[in-house]
Amino acid sequence: MSWTKGDEEEYWNSSKFKAFTFDDEDDELSQLKESKQAVNSLRDFVDDDDDDEDLERVSWSGEPVGSISWSIRETAGNSGSTHEGREQLKSRNSFSSYAQLPKPTSTYSLSSFFRGRTRPGSFQFLSDALSDTPAKSYAPELGRPKGEYRDYSNDWSPSDTVRRLRKGKICSLERFRSLQDKLQLLEEAVSMHDGNVITAVLIFLKRTLSKEILFRELEVRQVALRHLIHFLKEIGDQKLLLDLFRFLDRTEELALSHYQEHLNIQDPEKRKEFLKTCIGLPFSAEDSAHVQDHYTLLERQIIIEANDRHLELAGQTEIFRKHPRKASILNMPLVTTLFYSCFYHYTEAEGTFSSPINLKKTFKIPDKQYVLTALAARAKLRAWHDVDALFTTKNWLGYTKKRAPIGFHRVVEILHKNSAPVQILQEYVNLVEDVDTKLNLATKFKCHDVVIDTCRDLKDRQQLLAYRSKVDKGSAEEEKIDAILSSSQIRWKN
């Protein structure tokens with residue numbers, strides 16, 4: 001039968017028989033090469049899409065690729081089942097036998113084949129997974145030195161633990177169970193001279209030891225004891241602190257710690273009763289006087305506050321109408337209470353609790369402190385007559401004289417701060433004894449008459465001429481300077 005050329009080509013191309021070749025059909029190497037080419041062609045398409053880097057890659061088991069559990073499974077599968085598969089490949093000669101290999105317990109995600117070996121444990125090509133070259137892979141989270149995980153196995157010594165604490169690393173102290181180990185840990189911390197480490201160990205001992213044992217051991221370790229006392233004060237654990245002072249027989253510190261508890265009492269009446277219980281505690285002589293004064297002051301403040309609140313609500317007292325109170329006087333310091341009394345109760349008789357003189361005598365306030373506070377209060381009210389009376393004294397002959405325990409230079413500054421008139425300022429500037437200080441204050445606060453009279457008394461013509469340029473032209477001060485300069489009765493020194 002005769003076929004045309006086209007029919008012959010169609011027959012041979014459609015036949016299941018092929019021409020003779022020297023290659024072995026069953027050679028697994030040829031099959032692997034074809035698979036490799038197919039995978040590489042797919043990888044070219046996938047690598048072109050760089051915009052999907054943020055997509056999460058998931059393995060056949062549903063776990064995200066790159067997670068810790070995925071890495072552990074990959075490592076186990078690499079070292080176990082893959083090795084078993086290679087042994088079976090060596091014992092068989094056909095590609096069909098490779099299809100009967102047991103499925104490994106952990107498979108690799110397709111994305112790891114397509115995207116290449118981006119992390120340990122992933123393969124760039126399919127042939128890499130079947131390669132005879134042993135490759136051990138580690139997960140990034142697990143590829144750390146073994147020493148990093150020793151604290152989880154509880155094999156750190158006290159010295160190693162303290163060194164790690166000093167470096168700021170996390171380590172467990174629970175393995176130190178015996179008293180000897182705990183004390184050794186404390187001694188190592190003390191020898192390191194690091195307060196943070198010592199405090200951390202003390203917190204552990206405070207939690208795991210009874211109070212009696214802890215206090216007994218710290219009594220002979222003064223450095224650690226001081227750290228514990230400071231720590232208890234910082235966290236406000238007054239109960240344990242009192243127990244510690246009581247155990248150590250530190251009566252004065254015990255009393256002071258007990259006294260500090262009044263800061264947590266907000267109610268004035270309850271605080272007053274608590275302070276009353278503190279009076280009999282074993283304070284030092286000086287501290288005992290302060291506690292007594294504190295109780296007396298609070299008692300006075302409660303009485304003054306109740307009375308003034310009633311007067312303010314009634315609206316019948318002029319001082320409270322013109323200057324309403326801005327805050328309560330309760331729990332205020334002694335100086336603040338004195339200022340309050342000088343402001344609202346300055347003219348009251350000495351027998352009343354709110355009298356400034358009564359407060360001065362009861363609490364033994366020094367003259368300087370009393371004058372300074374009273375001056376500030378009366379100057380704020382612009383009560384210049386009271387200010388003048390404050391510095392006026394009489395001798396046994398009946399002569400009056402102005403005297404200021406704080407110095408008249410401070411009086412001038414306070415008066416100027418409260419906008420005192422120039423006449424008042426000039427009066428007290430003239431009372432300053434030091435000439436240079438007087439001239440400086442007079443120049444600073446523009447007390448022209450004081451400057452002119454002082455320069456005339458000093459016979460300092462040059463300074464008077466220099467000051468003439470500072471006053472207004474045509475003013476009374478300029479005329480006074482000209483009259484002094486033209487006087488023939490003054491013998492100028494320059």
# chains A, B, ... in the order shown; residues from 1 in each chain; ligands from 1

$ residues_around --residues "range 449-465 of chain A" --least-positions-apart "3" --cutoff "10 Å" --atoms "only C-alpha atoms" --output "ChimeraX atom specification"
/A:423,425-427,429-430,435-436,438-443,446,468-470,476-478,480-482,484-485,490-494

$ residues_around --residues "range 235-238 of chain A" --least-positions-apart "3" --cutoff "10 Å" --atoms "only C-alpha atoms" --output "PyMOL selection string"
chain A and resi 229-232+241-244+254+257-258+260-261

$ write_last_selection --atoms "all heavy atoms" --output "tab-separated table (two decimals), in the first residue's frame"
chain	number	residue	atom	x	y	z
A	229	ILE	N	15.26	48.16	104.00
A	229	ILE	CA	14.57	49.28	104.66
A	229	ILE	C	14.21	50.36	103.64
A	229	ILE	O	13.09	50.88	103.63
A	229	ILE	CB	15.44	49.85	105.80
A	229	ILE	CG1	15.59	48.82	106.93
A	229	ILE	CG2	14.85	51.15	106.33
A	229	ILE	CD1	16.55	49.25	108.02
A	230	HIS	N	15.15	50.69	102.78
A	230	HIS	CA	14.87	51.70	101.75
A	230	HIS	C	13.78	51.23	100.80
A	230	HIS	O	12.89	52.01	100.42
A	230	HIS	CB	16.15	52.00	100.97
A	230	HIS	CG	15.97	53.02	99.89
A	230	HIS	ND1	15.83	54.36	100.13
A	230	HIS	CD2	15.89	52.88	98.53
A	230	HIS	CE1	15.68	55.00	98.99
A	230	HIS	NE2	15.70	54.13	98.01
A	231	PHE	N	13.80	49.95	100.45
A	231	PHE	CA	12.79	49.41	99.53
A	231	PHE	C	11.40	49.45	100.16
A	231	PHE	O	10.42	49.83	99.52
A	231	PHE	CB	13.17	47.98	99.15
A	231	PHE	CG	12.11	47.27	98.36
A	231	PHE	CD1	11.83	47.60	97.04
A	231	PHE	CD2	11.37	46.24	98.95
A	231	PHE	CE1	10.85	46.95	96.32
A	231	PHE	CE2	10.39	45.58	98.23
A	231	PHE	CZ	10.13	45.93	96.92
A	232	LEU	N	11.31	49.08	101.43
A	232	LEU	CA	10.01	49.09	102.12
A	232	LEU	C	9.48	50.51	102.25
A	232	LEU	O	8.27	50.74	102.17
A	232	LEU	CB	10.14	48.43	103.49
A	232	LEU	CG	10.47	46.94	103.49
A	232	LEU	CD1	10.62	46.42	104.91
A	232	LEU	CD2	9.40	46.14	102.75
A	241	LEU	N	7.67	47.21	107.68
A	241	LEU	CA	8.75	48.08	108.15
A	241	LEU	C	8.70	48.22	109.67
A	241	LEU	O	9.73	48.18	110.35
A	241	LEU	CB	8.66	49.44	107.48
A	241	LEU	CG	9.82	50.41	107.70
A	241	LEU	CD1	11.11	49.82	107.16
A	241	LEU	CD2	9.53	51.75	107.03
A	242	LEU	N	7.50	48.37	110.22
A	242	LEU	CA	7.36	48.46	111.68
A	242	LEU	C	7.77	47.15	112.34
A	242	LEU	O	8.42	47.16	113.40
A	242	LEU	CB	5.92	48.82	112.04
A	242	LEU	CG	5.45	50.23	111.67
A	242	LEU	CD1	3.97	50.40	111.98
A	242	LEU	CD2	6.27	51.28	112.41
A	243	ASP	N	7.40	46.03	111.73
A	243	ASP	CA	7.81	44.74	112.28
A	243	ASP	C	9.33	44.59	112.27
A	243	ASP	O	9.92	44.05	113.21
A	243	ASP	CB	7.17	43.60	111.48
A	243	ASP	CG	5.66	43.56	111.67
A	243	ASP	OD1	5.18	44.12	112.67
A	243	ASP	OD2	4.97	42.98	110.80
A	244	LEU	N	9.97	45.09	111.22
A	244	LEU	CA	11.42	45.00	111.13
A	244	LEU	C	12.10	45.85	112.19
A	244	LEU	O	13.03	45.39	112.87
A	244	LEU	CB	11.87	45.44	109.73
A	244	LEU	CG	13.38	45.49	109.47
A	244	LEU	CD1	14.01	44.12	109.70
A	244	LEU	CD2	13.67	45.98	108.05
A	254	LEU	N	11.28	53.22	114.75
A	254	LEU	CA	9.94	52.67	114.84
A	254	LEU	C	8.91	53.77	115.07
A	254	LEU	O	7.85	53.81	114.44
A	254	LEU	CB	9.88	51.63	115.96
A	254	LEU	CG	8.50	51.02	116.27
A	254	LEU	CD1	8.00	50.23	115.08
A	254	LEU	CD2	8.59	50.14	117.51
A	257	SER	N	8.53	55.92	111.87
A	257	SER	CA	7.75	55.23	110.84
A	257	SER	C	6.26	55.23	111.19
A	257	SER	O	5.41	55.40	110.31
A	257	SER	CB	8.26	53.79	110.69
A	257	SER	OG	9.60	53.78	110.26
A	258	HIS	N	5.98	55.06	112.45
A	258	HIS	CA	4.58	55.12	112.88
A	258	HIS	C	4.01	56.53	112.69
A	258	HIS	O	2.85	56.68	112.28
A	258	HIS	CB	4.47	54.69	114.35
A	258	HIS	CG	3.08	54.69	114.88
A	258	HIS	ND1	2.13	53.76	114.50
A	258	HIS	CD2	2.44	55.53	115.74
A	258	HIS	CE1	0.98	54.02	115.11
A	258	HIS	NE2	1.15	55.09	115.87
A	260	GLN	N	4.82	58.67	110.44
A	260	GLN	CA	4.62	58.97	109.02
A	260	GLN	C	3.28	58.47	108.49
A	260	GLN	O	2.82	58.91	107.43
A	260	GLN	CB	5.74	58.36	108.19
A	260	GLN	CG	7.07	59.08	108.36
A	260	GLN	CD	8.18	58.43	107.55
A	260	GLN	OE1	8.02	57.34	107.01
A	260	GLN	NE2	9.32	59.10	107.49
A	261	GLU	N	2.65	57.58	109.22
A	261	GLU	CA	1.36	57.07	108.77
A	261	GLU	C	0.27	58.14	108.78
A	261	GLU	O	-0.78	57.96	108.16
A	261	GLU	CB	0.93	55.89	109.64
A	261	GLU	CG	1.79	54.65	109.47
A	261	GLU	CD	1.26	53.46	110.24
A	261	GLU	OE1	0.10	53.54	110.72
A	261	GLU	OE2	1.98	52.46	110.38
